[in-house]
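Below: run_12.tsv (TSV, C-alpha atoms)
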chain	number	residue	atom	x	y	z
A	28	MET	CA	1.71	23.20	-17.67
A	29	THR	CA	2.92	23.30	-21.25
A	30	ASP	CA	6.29	24.89	-21.95
A	31	PRO	CA	5.57	27.87	-24.27
A	32	SER	CA	9.03	27.62	-25.81
A	33	VAL	CA	8.22	24.23	-27.32
A	34	PRO	CA	6.01	24.50	-30.41
A	35	SER	CA	2.92	22.31	-30.37
A	36	PRO	CA	3.04	19.41	-32.90
A	37	LEU	CA	-0.48	20.39	-33.93
A	38	LEU	CA	0.61	23.92	-34.95
A	39	PRO	CA	2.80	24.95	-37.89
A	40	PRO	CA	6.40	25.81	-36.97
A	41	SER	CA	7.54	29.38	-36.45
A	42	PRO	CA	8.61	31.07	-39.71
A	43	ASP	CA	11.99	31.79	-38.13
A	44	GLY	CA	12.57	28.26	-36.85
A	45	PRO	CA	13.58	25.03	-38.59
A	46	PRO	CA	10.83	22.93	-40.20
A	47	LEU	CA	9.36	20.29	-37.95
A	48	GLU	CA	9.77	16.67	-39.04
A	49	ALA	CA	6.66	14.54	-39.29
A	50	PRO	CA	6.60	11.71	-36.73
A	51	PRO	CA	7.61	8.36	-38.26
A	52	GLU	CA	4.78	6.06	-39.18
A	53	PRO	CA	4.47	3.12	-36.77
A	54	GLN	CA	5.69	-0.11	-38.31
A	55	ARG	CA	3.23	-2.95	-38.62
A	56	VAL	CA	4.07	-5.99	-36.51
A	57	PRO	CA	4.48	-8.37	-38.14
A	58	PHE	CA	5.38	-6.57	-41.34
A	59	TRP	CA	4.03	-9.40	-43.53
A	60	GLY	CA	0.34	-10.01	-44.15
A	61	TYR	CA	-2.29	-12.51	-45.23
A	62	ARG	CA	-1.45	-12.04	-48.89
A	63	ASP	CA	1.98	-13.48	-48.12
A	64	LEU	CA	0.32	-16.34	-46.24
A	65	MET	CA	-1.90	-17.15	-49.23
A	66	PHE	CA	1.14	-17.08	-51.50
A	67	LEU	CA	3.05	-19.51	-49.30
A	68	ILE	CA	0.04	-21.83	-49.02
A	69	ALA	CA	-0.15	-21.88	-52.82
A	70	VAL	CA	3.57	-22.63	-53.02
A	71	ALA	CA	3.10	-25.48	-50.53
A	72	GLY	CA	0.33	-26.97	-52.69
A	73	VAL	CA	2.38	-26.77	-55.88
A	74	LEU	CA	5.42	-28.30	-54.18
A	75	TRP	CA	3.33	-31.06	-52.64
A	76	ALA	CA	1.91	-32.02	-56.03
A	77	GLY	CA	5.22	-31.67	-57.86
A	78	ILE	CA	7.47	-33.45	-55.40
A	79	GLY	CA	4.80	-36.07	-54.73
A	80	GLY	CA	4.56	-36.75	-58.45
A	81	ILE	CA	8.33	-37.11	-58.74
A	82	ALA	CA	8.38	-39.47	-55.74
A	83	VAL	CA	5.69	-41.65	-57.32
A	84	PHE	CA	7.71	-41.78	-60.53
A	85	LEU	CA	11.07	-42.55	-58.91
A	86	PHE	CA	10.20	-44.67	-55.88
A	87	GLN	CA	7.94	-47.52	-54.91
A	88	PHE	CA	5.47	-47.10	-52.06
A	89	PRO	CA	5.63	-47.30	-49.14
A	90	LEU	CA	8.75	-45.13	-49.05
A	91	GLY	CA	11.75	-46.16	-47.02
A	92	ALA	CA	13.15	-43.91	-44.32
A	93	VAL	CA	15.87	-42.43	-46.54
A	94	GLN	CA	13.45	-41.79	-49.38
A	95	ALA	CA	10.80	-40.27	-47.10
A	96	LEU	CA	13.33	-37.96	-45.48
A	97	ALA	CA	14.72	-36.95	-48.86
A	98	VAL	CA	11.23	-36.04	-50.09
A	99	THR	CA	10.47	-34.16	-46.87
A	100	PHE	CA	13.77	-32.29	-46.95
A	101	ALA	CA	13.28	-31.29	-50.59
A	102	TYR	CA	9.74	-30.10	-49.92
A	103	GLU	CA	10.58	-28.10	-46.83
A	104	GLY	CA	13.81	-26.73	-48.27
A	105	LEU	CA	12.08	-25.36	-51.37
A	106	TRP	CA	9.23	-23.95	-49.30
A	107	PHE	CA	11.66	-22.11	-47.07
A	108	LEU	CA	13.35	-20.67	-50.14
A	109	ALA	CA	9.97	-19.15	-50.96
A	110	LEU	CA	9.64	-17.84	-47.41
A	111	TYR	CA	13.16	-16.39	-47.61
A	112	GLY	CA	12.17	-14.66	-50.84
A	113	VAL	CA	9.14	-13.10	-49.16
A	114	MET	CA	11.28	-11.73	-46.32
A	115	TYR	CA	14.37	-10.65	-48.21
A	116	PHE	CA	13.15	-9.71	-51.69
A	117	GLY	CA	9.58	-8.76	-50.81
A	118	TYR	CA	10.37	-6.59	-47.79
A	119	GLY	CA	14.14	-6.23	-47.71
A	120	ARG	CA	14.29	-7.75	-44.21
A	121	PRO	CA	16.68	-10.35	-42.77
A	122	PHE	CA	15.28	-13.85	-42.60
A	123	TRP	CA	16.30	-15.12	-39.16
A	124	SER	CA	15.69	-12.04	-37.05
A	125	SER	CA	12.37	-11.39	-38.81
A	126	LEU	CA	11.17	-14.79	-37.62
A	127	ALA	CA	12.38	-13.99	-34.07
A	128	TRP	CA	15.30	-16.41	-34.13
A	129	VAL	CA	16.96	-14.84	-31.10
A	130	LYS	CA	18.64	-16.32	-28.04
A	131	ALA	CA	16.27	-18.13	-25.72
A	132	PRO	CA	15.94	-15.86	-22.65
A	133	ARG	CA	16.51	-18.70	-20.14
A	134	GLY	CA	18.76	-20.83	-22.29
A	135	PHE	CA	18.53	-24.14	-24.10
A	136	TRP	CA	17.97	-26.42	-21.11
A	137	ASP	CA	15.07	-24.44	-19.70
A	138	ALA	CA	13.23	-24.52	-23.03
A	139	ALA	CA	14.07	-28.19	-23.64
A	140	GLY	CA	12.88	-28.98	-20.11
A	141	TRP	CA	9.48	-27.48	-20.90
A	142	GLY	CA	9.42	-29.77	-23.93
A	143	LEU	CA	10.04	-32.80	-21.72
A	144	LEU	CA	7.22	-31.74	-19.41
A	145	THR	CA	4.86	-31.17	-22.34
A	146	ALA	CA	5.67	-34.63	-23.69
A	147	LEU	CA	4.88	-36.24	-20.36
A	148	ILE	CA	1.55	-34.42	-20.20
A	149	CYS	CA	0.77	-35.55	-23.76
A	150	LEU	CA	1.57	-39.15	-22.85
A	151	VAL	CA	-0.91	-38.90	-19.98
A	152	ILE	CA	-3.55	-37.45	-22.32
A	153	ALA	CA	-2.90	-40.24	-24.83
A	154	SER	CA	-3.30	-42.87	-22.09
A	155	LEU	CA	-6.65	-41.35	-21.09
A	156	LEU	CA	-7.81	-41.31	-24.72
A	157	PRO	CA	-6.57	-44.64	-26.06
A	158	ALA	CA	-6.83	-44.94	-29.81
A	159	PRO	CA	-7.42	-48.27	-31.58
A	160	HIS	CA	-4.11	-49.48	-32.91
A	161	THR	CA	-3.70	-49.12	-36.63
A	162	LYS	CA	-0.46	-49.45	-38.52
A	163	THR	CA	0.77	-45.94	-39.27
A	164	PRO	CA	3.32	-44.73	-41.84
A	165	MET	CA	5.61	-43.82	-38.93
A	166	GLU	CA	5.80	-47.45	-37.81
A	167	GLU	CA	6.87	-48.49	-41.29
A	168	LEU	CA	9.66	-45.90	-41.20
A	169	LEU	CA	10.97	-47.21	-37.88
A	170	LYS	CA	11.91	-50.63	-39.21
A	171	GLY	CA	15.64	-51.20	-39.20
A	172	ARG	CA	18.49	-49.61	-37.27
A	173	SER	CA	19.45	-47.12	-39.98
A	174	SER	CA	15.85	-45.98	-40.26
A	175	LEU	CA	15.67	-45.45	-36.52
A	176	LEU	CA	18.85	-43.37	-36.49
A	177	LEU	CA	17.73	-41.22	-39.40
A	178	MET	CA	14.25	-40.60	-38.03
A	179	GLY	CA	15.58	-39.91	-34.55
A	180	PHE	CA	18.08	-37.38	-35.88
A	181	PHE	CA	15.47	-35.61	-37.98
A	182	ALA	CA	12.94	-35.62	-35.11
A	183	VAL	CA	15.18	-33.63	-32.77
A	184	THR	CA	16.97	-31.36	-35.25
A	185	LEU	CA	15.62	-30.35	-38.66
A	186	GLY	CA	12.01	-31.29	-37.97
A	187	PRO	CA	11.53	-28.91	-35.02
A	188	LEU	CA	13.51	-26.18	-36.78
A	189	PHE	CA	11.39	-26.23	-39.93
A	190	GLU	CA	8.06	-26.49	-38.11
A	191	GLU	CA	8.81	-23.78	-35.56
A	192	LEU	CA	9.99	-21.27	-38.16
A	193	ALA	CA	6.85	-21.92	-40.22
A	194	PHE	CA	4.17	-22.10	-37.53
A	195	ARG	CA	5.50	-20.11	-34.58
A	196	GLY	CA	7.91	-17.86	-36.46
A	197	PHE	CA	5.77	-16.89	-39.46
A	198	LEU	CA	2.13	-17.87	-38.87
A	199	GLN	CA	1.63	-17.18	-35.18
A	200	PRO	CA	2.62	-13.46	-35.15
A	201	LEU	CA	0.18	-12.85	-37.99
A	202	LEU	CA	-2.68	-14.57	-36.17
A	203	VAL	CA	-1.83	-12.90	-32.85
A	204	SER	CA	-1.99	-9.49	-34.53
A	205	THR	CA	-5.54	-10.32	-35.67
A	206	PHE	CA	-7.04	-12.48	-32.93
A	207	GLY	CA	-4.97	-11.60	-29.88
A	208	ALA	CA	-2.51	-13.75	-27.97
A	209	LEU	CA	-4.91	-16.50	-26.90
A	210	GLY	CA	-6.65	-16.77	-30.27
A	211	GLY	CA	-3.43	-16.60	-32.28
A	212	VAL	CA	-1.67	-19.25	-30.21
A	213	ALA	CA	-4.69	-21.57	-30.38
A	214	LEU	CA	-5.37	-21.09	-34.09
A	215	GLN	CA	-1.81	-21.74	-35.25
A	216	ALA	CA	-1.92	-25.11	-33.48
A	217	VAL	CA	-4.76	-26.31	-35.74
A	218	PRO	CA	-2.78	-26.53	-39.02
A	219	PHE	CA	0.20	-27.78	-37.03
A	220	ALA	CA	-1.85	-30.73	-35.78
A	221	ALA	CA	-3.32	-31.33	-39.24
A	222	LEU	CA	0.22	-31.52	-40.67
A	223	HIS	CA	0.74	-34.66	-38.58
A	224	GLY	CA	-2.53	-36.27	-39.65
A	225	VAL	CA	-1.05	-38.74	-42.13
A	226	GLU	CA	1.74	-39.59	-39.71
A	227	TYR	CA	-0.81	-40.76	-37.12
A	228	ALA	CA	-3.35	-42.23	-39.57
A	229	TRP	CA	-5.74	-39.34	-38.78
A	230	SER	CA	-6.48	-40.65	-35.30
A	231	TRP	CA	-8.49	-37.90	-33.59
A	232	GLN	CA	-6.92	-38.84	-30.25
A	233	GLN	CA	-3.41	-38.28	-31.61
A	234	LEU	CA	-4.47	-35.10	-33.38
A	235	LEU	CA	-5.83	-33.77	-30.07
A	236	VAL	CA	-2.46	-34.50	-28.46
A	237	MET	CA	-0.67	-32.64	-31.24
A	238	LEU	CA	-3.09	-29.74	-30.88
A	239	PHE	CA	-2.13	-29.44	-27.23
A	240	ALA	CA	1.56	-29.70	-28.08
A	241	GLY	CA	1.31	-27.04	-30.79
A	242	SER	CA	-0.44	-24.70	-28.35
A	243	ALA	CA	2.31	-25.29	-25.79
A	244	PHE	CA	5.02	-24.47	-28.34
A	245	GLY	CA	3.07	-21.35	-29.28
A	246	TRP	CA	2.87	-20.32	-25.63
A	247	MET	CA	6.67	-20.63	-25.35
A	248	ARG	CA	7.14	-18.54	-28.50
A	249	TYR	CA	4.80	-15.85	-27.23
A	250	ARG	CA	6.12	-15.82	-23.66
A	251	SER	CA	9.80	-15.76	-24.60
A	252	GLY	CA	9.62	-13.78	-27.85
A	253	SER	CA	12.03	-16.34	-29.29
A	254	THR	CA	11.43	-18.92	-31.99
A	255	ALA	CA	14.70	-20.53	-30.93
A	256	ALA	CA	13.17	-21.18	-27.50
A	257	SER	CA	10.11	-22.90	-28.97
A	258	THR	CA	12.41	-24.92	-31.25
A	259	TYR	CA	14.42	-26.19	-28.28
A	260	MET	CA	11.16	-27.00	-26.52
A	261	HIS	CA	9.91	-28.85	-29.60
A	262	ALA	CA	13.17	-30.82	-29.82
A	263	GLY	CA	12.87	-31.92	-26.18
A	264	PHE	CA	9.26	-32.93	-26.79
A	265	ASN	CA	10.14	-34.96	-29.89
A	266	PHE	CA	12.97	-36.71	-28.07
A	267	VAL	CA	10.62	-38.01	-25.37
A	268	MET	CA	7.88	-38.96	-27.84
A	269	PHE	CA	10.36	-40.73	-30.10
A	270	MET	CA	11.78	-42.72	-27.20
A	271	GLY	CA	8.24	-43.58	-26.10
A	272	MET	CA	7.41	-44.82	-29.60
A	273	LEU	CA	10.50	-47.00	-29.61
A	274	ALA	CA	9.57	-48.46	-26.24
A	275	GLU	CA	6.02	-49.16	-27.41
A	276	ASN	CA	7.27	-50.93	-30.54
A	277	PHE	CA	9.71	-52.99	-28.48
A	278	VAL	CA	6.99	-54.10	-26.06
A	279	ARG	CA	4.67	-54.97	-28.93
A	280	LYS	CA	7.33	-57.13	-30.59
A	281	THR	CA	8.12	-58.97	-27.38

Serialized structure, structure tokens:
Amino acid sequence: MTDPSVPSPLLPPSPDGPPLEAPPEPQRVPFWGYRDLMFLIAVAGVLWAGIGGIAVFLFQFPLGAVQALAVTFAYEGLWFLALYGVMYFGYGRPFWSSLAWVKAPRGFWDAAGWGLLTALICLVIASLLPAPHTKTPMEELLKGRSSLLLMGFFAVTLGPLFEELAFRGFLQPLLVSTFGALGGVALQAVPFAALHGVEYAWSWQQLLVMLFAGSAFGWMRYRSGSTAASTYMHAGFNFVMFMGMLAENFVRKT
């Protein structure tokens, strides 16, 4: 039974009572939209052309490890400045919390452990779908001890951080809001896999492995609500894959 002393929100307030406040409008989650996505894709294209042109002018190809990492860092750093501008200046929102950079619910080791498991599954998939060996840009970057150290450091630190903030922090919530959890997690993995196309010489077997990995990272992001958790998972995955690549190169040389 309705309490008669409480005015109905569908009726005007009593003339003798205080004015009723309108209920707050529900906030859109995420608060950014596809227009922002198109803007950031355009920024990525401009940066790719501009930084690529500078690299061609300054360096000889193929790039060494230091040069390749410098180009990558410049590209991703400038792109994230654009993303920061969208969050802070476009919407007046904080950058890190907007992209769900919050504490992993079960801690670092749990998330990293899922990354190790995902890497092992991907190694099994790769063994079942053997790709013809072709020399990839990654192999060229792994020549020399300094190159190995630099690539290993980037693979388990800045690389996962940048990719998780972009794909699982920014892109996935937008796709989930449109296509649901399953569709959003699956769709964000497609551009993530394509990003690694050059790295693996566009081998469809390797791209399929990366598609599975990207979906697994997306599942962690969705399940935990934390981009930090998917970053830790990604770092654990990259550690295993990097060590596997080193072992493969060592066996091939011997």

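Coordinates place CA of Ile152 in chain A at a distance of 8.7 Å from CA of Gln232 in chain A.
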
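Nearest to Ser257 in chain A of all the residues A:Leu176, A:Val183, A:Leu192, A:Ala97 is A:Leu192, based on all atoms listed in the file.
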
>> For a test of reading the model, state the distance in Å between CA of Ile78 in chain A and CA of Gly112 in chain A, rounded to one decimal.
In response: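 Value for the CA of Ile78 in chain A-CA of Gly112 in chain A distance: 19.9 Å.
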
> Any idea what's packed within 12 Å of Pro200 in chain A, counting only C-alpha atoms, ignoring anything in its chain fewer than 5 positions away? Could you give it as a ChimeraX atom specification?
Replying inline: /A:55-61,64,125-127,192-195,205-215,245-246,248-249,252-254

>> Using only C-alpha atoms for the distances, tell me which of A:Ala138, A:Pro121, A:Leu150, A:Leu144 is nearest to Glu275 in chain A.
In response: A:Leu150

>> What's the separation between CA of Ala131 in chain A and CA of Ala243 in chain A, in Å to one decimal place?
In response: 15.7 Å

> From the set A:Ala255, A:Ala220, A:Pro159, A:Thr145, which residue has the shortest atom-to-atom contact distance to Val267 in chain A, counting only C-alpha atoms?
Replying inline: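 Among the listed residues, A:Thr145 lies closest to Val267 in chain A.
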
> Of the residues A:Phe197, A:Phe219, A:Phe264, A:Trp106, which is the one nearest to Trp128 in chain A, using all atoms listed in the file?
Replying inline: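 With all atoms listed in the file as the atom set, the closest residue is A:Phe197.
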
Give me, as a CSV table (one decimal) with C-alpha atoms, in the coordinates of the input, all polymer residues having an atom no more than 7 Å from Leu238 in chain A, counting only C-alpha atoms and skipping those fewer than 4 positions away in the same chain.
chain,number,residue,atom,x,y,z
A,216,ALA,CA,-1.9,-25.1,-33.5
A,217,VAL,CA,-4.8,-26.3,-35.7
A,220,ALA,CA,-1.8,-30.7,-35.8
A,234,LEU,CA,-4.5,-35.1,-33.4
A,242,SER,CA,-0.4,-24.7,-28.4

>> Which residues are near Phe181 in chain A? Cut-off 12 Å, all atoms listed in the file, ignore same chain within fewer than 5 positions. Put them as a list in words.
In response: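 Listed by chain and then number, they are Ala92, Val93, Ala95, Leu96, Ala97, Thr99, Phe100, Ser174, Leu175, Leu176, Gly186, Pro187, Leu188, Phe189, Glu190, Ala262, Asn265, Phe266 and Phe269 of chain A.
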
Output for the residues just chosen: C-alpha atoms as a tab-separated table (two decimals), in the frame of the given file:
chain	number	residue	atom	x	y	z
A	92	ALA	CA	13.15	-43.91	-44.32
A	93	VAL	CA	15.87	-42.43	-46.54
A	95	ALA	CA	10.80	-40.27	-47.10
A	96	LEU	CA	13.33	-37.96	-45.48
A	97	ALA	CA	14.72	-36.95	-48.86
A	99	THR	CA	10.47	-34.16	-46.87
A	100	PHE	CA	13.77	-32.29	-46.95
A	174	SER	CA	15.85	-45.98	-40.26
A	175	LEU	CA	15.67	-45.45	-36.52
A	176	LEU	CA	18.85	-43.37	-36.49
A	186	GLY	CA	12.01	-31.29	-37.97
A	187	PRO	CA	11.53	-28.91	-35.02
A	188	LEU	CA	13.51	-26.18	-36.78
A	189	PHE	CA	11.39	-26.23	-39.93
A	190	GLU	CA	8.06	-26.49	-38.11
A	262	ALA	CA	13.17	-30.82	-29.82
A	265	ASN	CA	10.14	-34.96	-29.89
A	266	PHE	CA	12.97	-36.71	-28.07
A	269	PHE	CA	10.36	-40.73	-30.10

> Nearest to Thr258 in chain A: which of A:Val129, A:Ser173, A:His223, A:Ile148 is it, counting only C-alpha atoms?
Replying inline: A:Val129

>> When you look at Gly224 in chain A with a cut-off of 9 Å (counting only C-alpha atoms), what residues show up, excluding the ones that are within fewer than 5 positions of it in the same chain? I need them as a ChimeraX atom specification.
In response: /A:229-231,233-234
